[in-house]
Protein chains: 4
Amino acid sequence: MDHQKVKTLRQKLYTIVFEAETVEGRTFDIILLFLIALSVLVVSLESVVSLRKMYLPLFQAAEWTFTILFTIEYLLRIYSSPRPLRYIFSFFGIVDLMSIIPTYLSLFILGSQYLLVIRVLRLLRAARIFKLTSFVNEGHMLSRALRASLNKIVVFIGVVLMMVVVIGSMMYVIEGAASGFTSIPTGIYWAIVTLTTVGYGDIAPATGLGQVLASCVMIMGYGIIAVPTGIVTVELSNIERQSLNTRVCPNCHKEGHAPEANFCSNCGFALPSNHGT
Amino acid sequence: MDHQKVKTLRQKLYTIVFEAETVEGRTFDIILLFLIALSVLVVSLESVVSLRKMYLPLFQAAEWTFTILFTIEYLLRIYSSPRPLRYIFSFFGIVDLMSIIPTYLSLFILGSQYLLVIRVLRLLRAARIFKLTSFVNEGHMLSRALRASLNKIVVFIGVVLMMVVVIGSMMYVIEGAASGFTSIPTGIYWAIVTLTTVGYGDIAPATGLGQVLASCVMIMGYGIIAVPTGIVTVELSNIERQSLNTRVCPNCHKEGHAPEANFCSNCGFALPSNHGT
Amino acid sequence: MDHQKVKTLRQKLYTIVFEAETVEGRTFDIILLFLIALSVLVVSLESVVSLRKMYLPLFQAAEWTFTILFTIEYLLRIYSSPRPLRYIFSFFGIVDLMSIIPTYLSLFILGSQYLLVIRVLRLLRAARIFKLTSFVNEGHMLSRALRASLNKIVVFIGVVLMMVVVIGSMMYVIEGAASGFTSIPTGIYWAIVTLTTVGYGDIAPATGLGQVLASCVMIMGYGIIAVPTGIVTVELSNIERQSLNTRVCPNCHKEGHAPEANFCSNCGFALPSNHGT
Amino acid sequence: MDHQKVKTLRQKLYTIVFEAETVEGRTFDIILLFLIALSVLVVSLESVVSLRKMYLPLFQAAEWTFTILFTIEYLLRIYSSPRPLRYIFSFFGIVDLMSIIPTYLSLFILGSQYLLVIRVLRLLRAARIFKLTSFVNEGHMLSRALRASLNKIVVFIGVVLMMVVVIGSMMYVIEGAASGFTSIPTGIYWAIVTLTTVGYGDIAPATGLGQVLASCVMIMGYGIIAVPTGIVTVELSNIERQSLNTRVCPNCHKEGHAPEANFCSNCGFALPSNHGT
């Protein structure tokens with residue numbers, strides 16, 4: 001009976017801590033989300049020198065309060081999970097642990113508490129709470145498009161990296177340390193800053209030849225920035241088109257037939273006409 | 001009879017003040033538009049120190065003239081509107097009120113007159129005046145595309161904000177106050193400046209590790225800037241396609257006839273004219 | 001007879017000066033093009049102080065040589081053109097005139113010779129010389145796409161200009177002259193620099209509130225830069241698709257029928273099947 | 001017999017040095033790739049002054065080790081290649097030679113060893129080693145899209161170059177040397193930096209008129225950056241569509257069947273398998 005009761009308690013905790021179907025579960029998640037956002041804000045503000053000087057005790061108190069609360073939550077999750085190890089080594093399990101460790105570490109190592117901003121990753125739970133299925137779908141779609149274009153983007157970044165090494169070392173040879181190109185790595189950094197059109201201006205060519213080369217790089221950057229945009233657009237457009245083709249073959253259940261198709265492209269079964277649509 | 005006359009006056013005022021079908025209405029709107037543009041210009045120029053010193057009385061006179069004229073216009077609108085409350089709480093009603101209040105407030109609070117630039121929003125009326133139906137359609141189309149892609153863009157901005165917090169605090173830990181990364185909020189500001197490829201250069205990494213991380217952020221920014229462009233392009237393309245696909249052949253039910261088509265391209269049946277649309 | 005001879009000379013001059021079909025005409029055009037490019041280069045280099053000090057007489061000699069040659073060419077064009085007035089007031093006629101006037105003006109007004117770079121516009125003749133029909137087609141296509149998206153882009157730029165005025169004056173109120181926001185026009189200039197992701201950094205927000213607002217502007221700029229790209233992409237794609245539809249109705253000669261069309265959408269005539277293609 | 005043996009040795013060397021089918025060939029290529037990456041890293045780090053001071057003998061030893069190894073490799077390639085001249089004048093042959101020459105040159109000419117970064121181009125061999133056929137395909141597709149849009153991009157860059165010359169010289173006349181516009185070439189450099197939205201800020205307009213003109217240039221840059229993106233997107237989309245459209249039904253001649261389709265979607269006829277492709 002006692003064992004039964006414990007099991008019931010664990011199950012009840014599970015529905016509160018992990019799920020968001022019940023009122024308690026949802027309340028727990030909303031409070032947790034609020035605490036996460038607040039703790040990220042506190043860590044950020046603590047790093048502002050003028051604020052830290054004035055409110056240091058307050059910040060430290062808040063920091064430890066959050067850490068203790070999150071530690072309790074972490075232990076509860078391990079306790080209530082039916083498969084604790086799976087939770088611990090899941091993405092959220094690792095994020096949860098990493099969001100409490102730095103405060104304890106800060107007792108020994110100075111400055112480690114700034115790693116607490118990893119907590120912001122926990123905000124990803126937000127998507128689950130509000131049952132924002134539409135957002136989840138959009139997110140899936142975006143990540144599918146990015147994954148579909150991954151190969152092309154890897155090739156593209158490989159080419160860009162090689163260009164950047166060659167351009168960076170040419171600029172180092174041409175401009176030299178006088179204009180801030182103190183080494184080839186610095187030249188590569190400048191080439192990345194320029195090709196991506198960020199253009200800080202902390203390092204900029206000063207000689208005529210350097211400016212001519214830089215101009216060529218910028219105009220090349222024009223064409224180059226078009227490539228990932230084109231890739232992502234085409235993939236997004238493909239995925240969107242596929243998601244519109246909702247016709248399913250009644251014989252083999254293959255999805256995605258074109259509106260004008262008369263027969264299933266997989267099994268040759270005559271598709272029902274979609275005049276009704 | 002007197003009541004009748006007043007009503008007629010109100011109706012006449014309504015056609016002048018709110019509509020642009022009659023000659024008087026159009027003249028009123030064009031004069032108003034000109035005054036709005038002029039008043040925005042005056043407020044802008046007044047903020048230039050050298051000009052203010054020389055022409056202060058002139059600016060103040062112009063300012064009060066515009067405010068009194070716009071106040072009269074506002075009262076006329078309330079008076080002539082058949083549903084005054086609806087006008088007062090409409091978008092343009094609020095903009096109209098907010099474009100006159102600051103001058104009166106400037107008698108009590110210094111500097112508030114600079115909020116007068118809100119008047120620029122009134123220029124949106126311009127679209128109505130010139131009956132620029134084509135522009136209005138284009139505007140509708142753009143805003144439809146933006147609205148359709150809103151969900152995707154919200155997910156996208158959410159992910160970007162989380163990345164920016166994590167990157168910003170990493171740079172704060174790596175670079176420290178020496179390079180201008182004085183706090184985590186400053187680091188986040190830098191991350192936004194870099195990811196959006198704006199790149200002011202007021203804060204820039206100086207250490208090797210910081211520059212390596214910054215390079216990764218910039219190359220990531222490449223892929224990231226492609227996402228909203230892809231989203232908007234696909235939505236615009238969808239809307240454009242849909243706007244072509246509204247005519248159906250009554251004989252064979254083929255959809256998607258061009259607006260200028262007279263016959264069905266599939267069965268040759270004469271299409272009904274779409275003059276009604 | 002003498003009159004006849006003069007006419008023949010004019011006609012011969014016409015084929016040399018205006019056309020590029022004959023060997024002489026082509027030679028004339030290639031020499032002219034080379035002279036134009038050289039003269040633009042000379043004007044550019046003359047503006048470099050160190051070079052001007054060393055080679056001033058050389059630059060002046062080159063300048064007058066080019067001007068006299070281009071004046072002779074201009075007079076020849078007027079003389080040989082069958083409709084001189086039409087040439088004088090054509091685009092190239094005005095450019096040709098404006099490319100020689102500044103040198104003569106420089107005798108009276110100092111510095112006006114720098115307007116000579118207008119000569120670069122004459123390089124547009126290059127397209128005609130090399131009979132680069134493919135390039136001309138591409139140019140037509142690009143300009144068609146830009147013209148088709150003009151309405152949308154006008155609406156878009158109107159909205160951007162209004163945003164920029166509002167944001168610029170808010171930043172002026174928030175930041176003030178200390179950070180370089182010395183006036184509302186300067187604030188508007190900053191807003192344009194930021195929204196277009198140029199980001200010089202000559203003016204940058206220094207206060208916390210200003211940086212928060214700037215961050216919002218930059219993230220908005222993300223979405224905003226996607227809009228013209230989307231517009232141009234969709235229009236380019238439309239034009240490309242239309243140019244692929246080369247089927248012409250044999251009855252009414254309407255072009256651009258879809259590959260699956262059986263009947264002309266204009267006159268209902270049965271189109272020949274395109275199985276052969 | 002001896003000749004036979006030599007030939008066998010050459011053939012064996014060929015399979016090791018040029019191919020990556022056998023275990024030895026692959027091992028050779030992976031070691032080579034690792035050495036190339038390492039040598040690029042060494043050249044880069046050598047250029048950092050603080051590191052060079054500390055580890056100069058180490059860098060020089062590494063440099064000569066790499067050069068001797070690559071020289072041996074180069075000679076082996078010439079020796080084992082069935083057509084040595086073809087290899088020597090091939091792209092990789094020239095890159096291989098240029099990646100060893102600078103070290104020998106550095107005995108005579110100071111600084112030439114920095115050209116060693118050309119070695120990075122040798123990393124392109126990587127694609128062959130790992131048999132990354134998918135990446136190779138993606139690369140082909142990207143380069144096909146870029147080639148197809150080359151004509152349009154040449155026209156586009158031609159127009160941009162002309163704009164940049166005109167804008168640059170106008171800014172030189174307006175701003176003058178006080179704001180850093182010391183010559184027309186500098187003005188052109190500034191115009192390129194601005195139009196491409198890089199925006200270093202090393203040169204920025206200071207006068208009112210200059211800022212107005214700069215604002216126009218930036219807003220134009222908005223529309224302009226959309227053009228290459230649009231071009232590349234449309235071409236990528238065309239190529240993607242074409243790569244889907246190569247299967248034709250032998251019964252009804254309908255084109256555009258998906259690679260995984262077994263039956264014609266129009267008439268239900270069994271499509272021939274495309275294993276052969």
# chains A, B, ... in the order shown; residues from 1 in each chain; ligands from 1

call {"tool": "residues_around", "arguments": {"residues": "Phe181 of chain A", "least_positions_apart": "6", "cutoff": "9 Å", "atoms": "only C-alpha atoms", "output": "number ranges by chain"}}
result
A: 168, 171-173, 175, 187, 190, 203-205

call {"tool": "write_last_selection", "arguments": {"atoms": "C-alpha atoms", "output": "PDB file, in the first residue's frame"}}
result
ATOM      1  CA  GLY A 168      42.805  37.582 -45.754  1.00  0.00           C
ATOM      2  CA  MET A 171      45.318  41.789 -47.584  1.00  0.00           C
ATOM      3  CA  TYR A 172      47.936  41.050 -44.918  1.00  0.00           C
ATOM      4  CA  VAL A 173      50.657  41.110 -47.571  1.00  0.00           C
ATOM      5  CA  GLU A 175      48.252  46.371 -46.222  1.00  0.00           C
ATOM      6  CA  GLY A 187      43.258  39.426 -42.220  1.00  0.00           C
ATOM      7  CA  TRP A 190      38.629  41.218 -41.688  1.00  0.00           C
ATOM      8  CA  ILE A 203      40.193  47.275 -39.428  1.00  0.00           C
ATOM      9  CA  ALA A 204      39.900  48.919 -42.841  1.00  0.00           C
ATOM     10  CA  PRO A 205      42.240  49.122 -45.833  1.00  0.00           C
TER      11      PRO A 205
END

call {"tool": "interface_residues", "arguments": {"of": "chain A", "to": "chain D", "cutoff": "8 Å", "atoms": "only C-alpha atoms", "output": "short mmCIF file (atom, residue, chain, number, x, y, z; two decimals) with N, CA and C atoms, in the first residue's frame"}}
result
data_model
loop_
_atom_site.label_atom_id
_atom_site.label_comp_id
_atom_site.auth_asym_id
_atom_site.auth_seq_id
_atom_site.Cartn_x
_atom_site.Cartn_y
_atom_site.Cartn_z
N ASN A 151 23.26 20.40 -47.05
CA ASN A 151 24.36 19.99 -47.92
C ASN A 151 24.87 21.15 -48.75
N LYS A 152 23.91 21.86 -49.38
CA LYS A 152 24.30 22.99 -50.22
C LYS A 152 25.01 24.04 -49.39
N VAL A 155 28.66 23.04 -48.56
CA VAL A 155 29.52 23.30 -49.71
C VAL A 155 29.80 24.80 -49.82
N PHE A 156 28.75 25.58 -49.69
CA PHE A 156 28.86 27.03 -49.81
C PHE A 156 29.81 27.60 -48.76
N MET A 162 37.48 29.04 -47.78
CA MET A 162 38.70 29.06 -48.57
C MET A 162 38.96 30.44 -49.15
N VAL A 165 40.37 32.75 -46.46
CA VAL A 165 41.78 32.53 -46.11
C VAL A 165 42.67 33.18 -47.16
N VAL A 166 42.33 32.97 -48.45
CA VAL A 166 43.15 33.54 -49.52
C VAL A 166 43.10 35.07 -49.49
N SER A 169 44.96 36.62 -46.39
CA SER A 169 46.42 36.66 -46.43
C SER A 169 46.91 37.62 -47.50
N MET A 170 46.13 37.78 -48.60
CA MET A 170 46.51 38.79 -49.59
C MET A 170 46.48 40.18 -48.97
N VAL A 173 49.45 40.80 -46.80
CA VAL A 173 50.66 41.11 -47.57
C VAL A 173 50.59 42.54 -48.11
N THR A 182 47.50 43.01 -38.68
CA THR A 182 48.72 42.64 -37.97
C THR A 182 49.16 41.21 -38.24
N SER A 183 48.25 40.35 -38.73
CA SER A 183 48.63 38.96 -38.99
C SER A 183 47.63 38.36 -39.97
N ILE A 184 47.93 37.17 -40.47
CA ILE A 184 47.00 36.52 -41.40
C ILE A 184 45.67 36.21 -40.72
N PRO A 185 45.65 35.67 -39.47
CA PRO A 185 44.35 35.47 -38.82
C PRO A 185 43.53 36.76 -38.74
N THR A 194 33.99 41.62 -43.81
CA THR A 194 33.64 42.34 -45.04
C THR A 194 32.69 41.53 -45.92
N THR A 196 30.59 39.22 -45.15
CA THR A 196 29.24 39.10 -44.60
C THR A 196 28.55 40.45 -44.52
N THR A 197 29.19 41.51 -45.04
CA THR A 197 28.67 42.87 -45.05
C THR A 197 28.42 43.43 -43.66
N VAL A 198 29.09 42.87 -42.63
CA VAL A 198 28.95 43.43 -41.28
C VAL A 198 29.73 44.75 -41.23
N GLY A 199 31.01 44.71 -41.59
CA GLY A 199 31.79 45.94 -41.74
C GLY A 199 31.92 46.77 -40.49
N TYR A 200 32.64 46.25 -39.47
CA TYR A 200 32.82 47.05 -38.24
C TYR A 200 33.56 48.33 -38.53
N GLY A 201 34.66 48.23 -39.30
CA GLY A 201 35.49 49.39 -39.52
C GLY A 201 36.61 49.50 -38.50
N ASP A 202 36.74 48.51 -37.59
CA ASP A 202 37.89 48.54 -36.67
C ASP A 202 39.18 48.27 -37.44
N ALA A 204 40.35 48.53 -41.51
CA ALA A 204 39.90 48.92 -42.84
C ALA A 204 41.12 49.23 -43.69
N GLN A 211 42.32 49.08 -51.04
CA GLN A 211 40.92 49.49 -51.22
C GLN A 211 40.34 48.92 -52.51
N VAL A 212 41.18 48.79 -53.53
CA VAL A 212 40.70 48.18 -54.77
C VAL A 212 40.32 46.72 -54.51
N SER A 215 37.19 46.50 -52.53
CA SER A 215 36.02 46.77 -53.36
C SER A 215 35.60 45.51 -54.12
N MET A 218 33.90 43.17 -51.75
CA MET A 218 32.53 43.59 -51.40
C MET A 218 31.56 43.28 -52.52
N ILE A 219 31.98 43.55 -53.77
CA ILE A 219 31.08 43.29 -54.90
C ILE A 219 30.87 41.78 -55.05
N GLY A 221 30.90 39.83 -52.51
CA GLY A 221 30.03 39.53 -51.36
C GLY A 221 28.57 39.69 -51.72
N TYR A 222 28.28 40.65 -52.62
CA TYR A 222 26.95 40.85 -53.17
C TYR A 222 26.37 39.56 -53.72
N GLY A 223 27.15 38.98 -54.66
CA GLY A 223 26.69 37.75 -55.29
C GLY A 223 26.63 36.62 -54.27
N ILE A 225 26.11 36.68 -50.97
CA ILE A 225 25.01 36.71 -50.00
C ILE A 225 23.73 36.23 -50.66
N ALA A 226 23.69 36.28 -51.99
CA ALA A 226 22.49 35.83 -52.69
C ALA A 226 22.35 34.32 -52.63
N VAL A 227 23.46 33.59 -52.48
CA VAL A 227 23.41 32.14 -52.60
C VAL A 227 22.63 31.48 -51.46
N THR A 229 20.47 32.75 -49.48
CA THR A 229 19.08 33.20 -49.58
C THR A 229 18.35 32.39 -50.64
N GLY A 230 18.98 32.25 -51.80
CA GLY A 230 18.36 31.47 -52.86
C GLY A 230 18.11 30.04 -52.44
N ILE A 231 19.09 29.42 -51.79
CA ILE A 231 18.95 28.03 -51.35
C ILE A 231 17.77 27.87 -50.42
N THR A 233 15.24 29.88 -49.88
CA THR A 233 13.95 30.20 -50.50
C THR A 233 13.43 29.02 -51.30
N VAL A 234 14.31 28.41 -52.12
CA VAL A 234 13.87 27.29 -52.96
C VAL A 234 13.40 26.13 -52.08
N GLU A 260 -3.29 17.65 -60.56
CA GLU A 260 -3.77 17.17 -61.86
C GLU A 260 -3.53 15.68 -62.07
N ALA A 261 -2.96 14.96 -61.06
CA ALA A 261 -2.66 13.54 -61.22
C ALA A 261 -3.95 12.72 -61.26
N ASN A 262 -4.01 11.74 -62.19
CA ASN A 262 -5.16 10.84 -62.26
C ASN A 262 -4.87 9.49 -61.63
N PHE A 263 -3.61 9.09 -61.59
CA PHE A 263 -3.23 7.78 -61.06
C PHE A 263 -2.14 7.95 -60.02
N CYS A 264 -2.10 7.03 -59.04
CA CYS A 264 -1.05 7.07 -58.02
C CYS A 264 0.29 6.78 -58.68
N SER A 265 1.30 7.64 -58.41
CA SER A 265 2.60 7.46 -59.05
C SER A 265 3.36 6.29 -58.44
N ASN A 266 2.87 5.75 -57.33
CA ASN A 266 3.57 4.65 -56.66
C ASN A 266 3.03 3.29 -57.05
N CYS A 267 1.67 3.14 -57.05
CA CYS A 267 1.10 1.81 -57.31
C CYS A 267 0.21 1.79 -58.55
N GLY A 268 -0.01 2.95 -59.20
CA GLY A 268 -0.81 2.96 -60.43
C GLY A 268 -2.30 2.91 -60.21
N PHE A 269 -2.75 2.96 -58.96
CA PHE A 269 -4.18 2.94 -58.63
C PHE A 269 -4.83 4.24 -59.12
N ALA A 270 -6.06 4.13 -59.66
CA ALA A 270 -6.74 5.34 -60.12
C ALA A 270 -7.14 6.18 -58.92
#

call {"tool": "residues_around", "arguments": {"residues": "segment 61-77 of chain C", "least_positions_apart": "5", "cutoff": "8 Å", "atoms": "only C-alpha atoms", "output": "PyMOL selection string"}}
result
chain C and resi 13-14+17-18+35+39+42-43+84+96-97+100+103

call {"tool": "closest_residue", "arguments": {"among": "C:Pro57, C:Leu33, C:Ser81, C:Ser106", "to": "Thr15 of chain C", "atoms": "only C-alpha atoms"}}
result
C:Ser81

call {"tool": "atom_distance", "arguments": {"atom1": "atom CA of Ala177 of chain D", "atom2": "atom CA of Arg52 of chain C"}}
result
14.3 Å
